[in-house]
Structure formats: C-alpha cells, structure tokens
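The structure appears right after this line, and notes come after that.
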Amino acid sequence: MTADSFPGSGAAPGGVQAPPPPAPEPVGTTTPAGPVLGFRELSERVIASVAERCPWLHRVLMGMLAVFTGTCVVAVVSRLSPLPLLPVPLFVVAAYGLRQARGVTERRQLFNWVLLFALATIAGFWLIAVVGRWVE
C-alpha cells in the first residue's frame, strides 16, 4: 500500500475522496435548536409511551408484587421468624403507587407514581436481602 492509495490523497483515480469541509454559516443566520430535554422529561415520555403501548403491564406488575408478598409470607413459615414480613409494607406502598398510576392522564403525575412504585419495590428487595442476612 502506497501513500498514493489512501482515500482523499487525490492521486488514485476513482478512489474515495473526502467531502469538502462545510461552508461557514454567516453570523446571525443560525436556527435555534429545539428544546433540550432533561432526564425527567425523557423519563416521562418513555413511561407514558410504555403505559400506552402495554396496557397489560399493570396487571403483570401487580401480580409480581403479589408473588413477592406471598414469598415473604412463606418465608415466615420456613424460617420460623417474623422478620421476613418487614418488606411487606413496602410492597403494599408499591402496589398503591401502581394502582394510582393506572388512572393518571398527566405525564408528570404518572412519572411520580411510577417512581414511588419503583423505589418502594427496590427498597423492599433491599430489605429482603438485609433480613436474609439477619436470619442466617
């Protein structure tokens, strides 16, 4: 391979040439960019589109919360300790947030209820891990 065969060198006939640099825009003719979306606005859009496209998701998530709560109740019997019931109130709060999110039409309120659902569920799982270490 020689220096003449590099694209853009101009020496090789039929070779790939680099496009010319763009011409500078005159001062004062720039078009303003669209509104910059922050993390919250982007999250609101994503959550709203998922809620519209997947109406069955509410039932699936509610069923999963029921399974998590049932697992905590079964753990009381298997471990012979009431400590596995500690995450149950967090799962109830998560179910409340999910139920409230179902009837909301505004994006901001939907985001807030889904955030409550997610944080309560995550805190419940964290508490399950902590209780699992205590009961060992």
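Here, A, B, ... name the chains of the structure tokens in the order displayed, residue numbers run from 1 inside each chain, and ligands are numbered from 1 in the same displayed order.
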
Contact table region 42-77 of chain A vs region 90-102 of chain A, cut-off 10 Å, shortest pair per residue, only C-alpha atoms, as a tab-separated table:
```
residue	atom	partner	partner_atom	distance
A:Ala51	CA	A:Arg102	CA	8.5
A:Pro55	CA	A:Arg102	CA	9.2
A:His58	CA	A:Leu98	CA	7.2
A:Arg59	CA	A:Leu98	CA	9.6
A:Leu61	CA	A:Leu98	CA	8.1
A:Met62	CA	A:Ala95	CA	6.5
A:Gly63	CA	A:Ala95	CA	9.7
A:Met64	CA	A:Ala95	CA	9.9
A:Leu65	CA	A:Phe91	CA	6.4
A:Ala66	CA	A:Phe91	CA	8.3
A:Phe68	CA	A:Phe91	CA	7.7
A:Thr69	CA	A:Phe91	CA	6.8
```

With N, CA, C and O atoms retained, write the just-selected residues as a compact mmCIF listing (two decimals), in the first residue's frame.
```txt
# COMPACT_ATOMS: atom_id res chain seq x y z
N ALA A 51 -46.77 2.97 29.00
CA ALA A 51 -48.10 2.81 29.59
C ALA A 51 -49.18 2.75 28.51
O ALA A 51 -50.16 2.02 28.64
N PRO A 55 -50.99 -1.96 27.87
CA PRO A 55 -51.99 -1.81 28.92
C PRO A 55 -52.03 -3.00 29.88
O PRO A 55 -52.52 -2.88 31.00
N HIS A 58 -49.74 -3.31 33.75
CA HIS A 58 -50.20 -3.02 35.11
C HIS A 58 -50.56 -4.33 35.83
O HIS A 58 -50.17 -4.53 36.98
N ARG A 59 -51.29 -5.20 35.14
CA ARG A 59 -51.68 -6.47 35.78
C ARG A 59 -50.48 -7.37 36.05
O ARG A 59 -50.42 -8.04 37.08
N LEU A 61 -47.33 -6.41 36.63
CA LEU A 61 -46.57 -5.88 37.77
C LEU A 61 -47.31 -6.08 39.09
O LEU A 61 -46.68 -6.38 40.12
N MET A 62 -48.63 -5.96 39.07
CA MET A 62 -49.41 -6.21 40.28
C MET A 62 -49.30 -7.68 40.69
O MET A 62 -49.18 -7.99 41.87
N GLY A 63 -49.33 -8.57 39.72
CA GLY A 63 -49.15 -9.99 40.00
C GLY A 63 -47.78 -10.30 40.58
O GLY A 63 -47.64 -11.12 41.49
N MET A 64 -46.76 -9.62 40.05
CA MET A 64 -45.41 -9.83 40.58
C MET A 64 -45.31 -9.35 42.02
O MET A 64 -44.68 -10.01 42.86
N LEU A 65 -45.95 -8.22 42.34
CA LEU A 65 -45.94 -7.75 43.72
C LEU A 65 -46.65 -8.74 44.64
O LEU A 65 -46.23 -8.96 45.78
N ALA A 66 -47.72 -9.36 44.15
CA ALA A 66 -48.41 -10.38 44.94
C ALA A 66 -47.51 -11.58 45.18
O ALA A 66 -47.49 -12.15 46.29
N PHE A 68 -44.20 -11.50 45.29
CA PHE A 68 -43.17 -11.08 46.25
C PHE A 68 -43.71 -11.10 47.67
O PHE A 68 -43.05 -11.58 48.60
N THR A 69 -44.93 -10.60 47.85
CA THR A 69 -45.55 -10.59 49.18
C THR A 69 -45.81 -12.01 49.66
O THR A 69 -45.56 -12.34 50.83
```

Can you pull out every residue from region 8-135 of chain A that DSSP, working from the backbone, puts in helix (DSSP H, G or I), and format the result as a PyMOL selection string? chain A and resi 39-53+57-79+83-85+88-102+107-135

Could you state the separation of CA of Ala48 (chain A) and CA of Arg107 (chain A) in Å, given to one decimal place?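 Interatomic distance, CA of Ala48 (chain A) to CA of Arg107 (chain A): 6.2 Å.
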
Neighbour list for Val73 (chain A) as a list of chain:residue names, cut-off 10 Å, only C-alpha atoms, skip fewer than 5 positions in-chain: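 Contacts, with the query itself left out: A:Val67, A:Phe68, A:Ser78, A:Pro82, A:Pro84, A:Leu85, A:Val88.
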
Return the single residue from A:Pro26, A:Gly132, A:Ile47, A:Leu37 that is closest to Trp113 (chain A), with distances computed using only C-alpha atoms. A:Ile47

Could you name the residues that touch Glu41 (chain A) at 12 Å or less, counting only C-alpha atoms, but leaving out those on the same chain fewer than 3 positions away, as a ChimeraX atom specification? /A:35-38,44-48,107-108,110-112

Computed interatomic separation between CA of Gly103 (chain A) and CA of Cys54 (chain A) (Å): 14.3 Å

A:Val104, A:Ala18, A:Val60, A:Ile128: which is nearest Val76 (chain A), counting only C-alpha atoms?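 Smallest distance to Val76 (chain A) is found for A:Ile128.
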
Just to confirm, what's the straight-line distance from CA of Val131 (chain A) to CA of Leu83 (chain A) in Å (one decimal)?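 CA of Leu83 (chain A) lies 6.4 Å from CA of Val131 (chain A).
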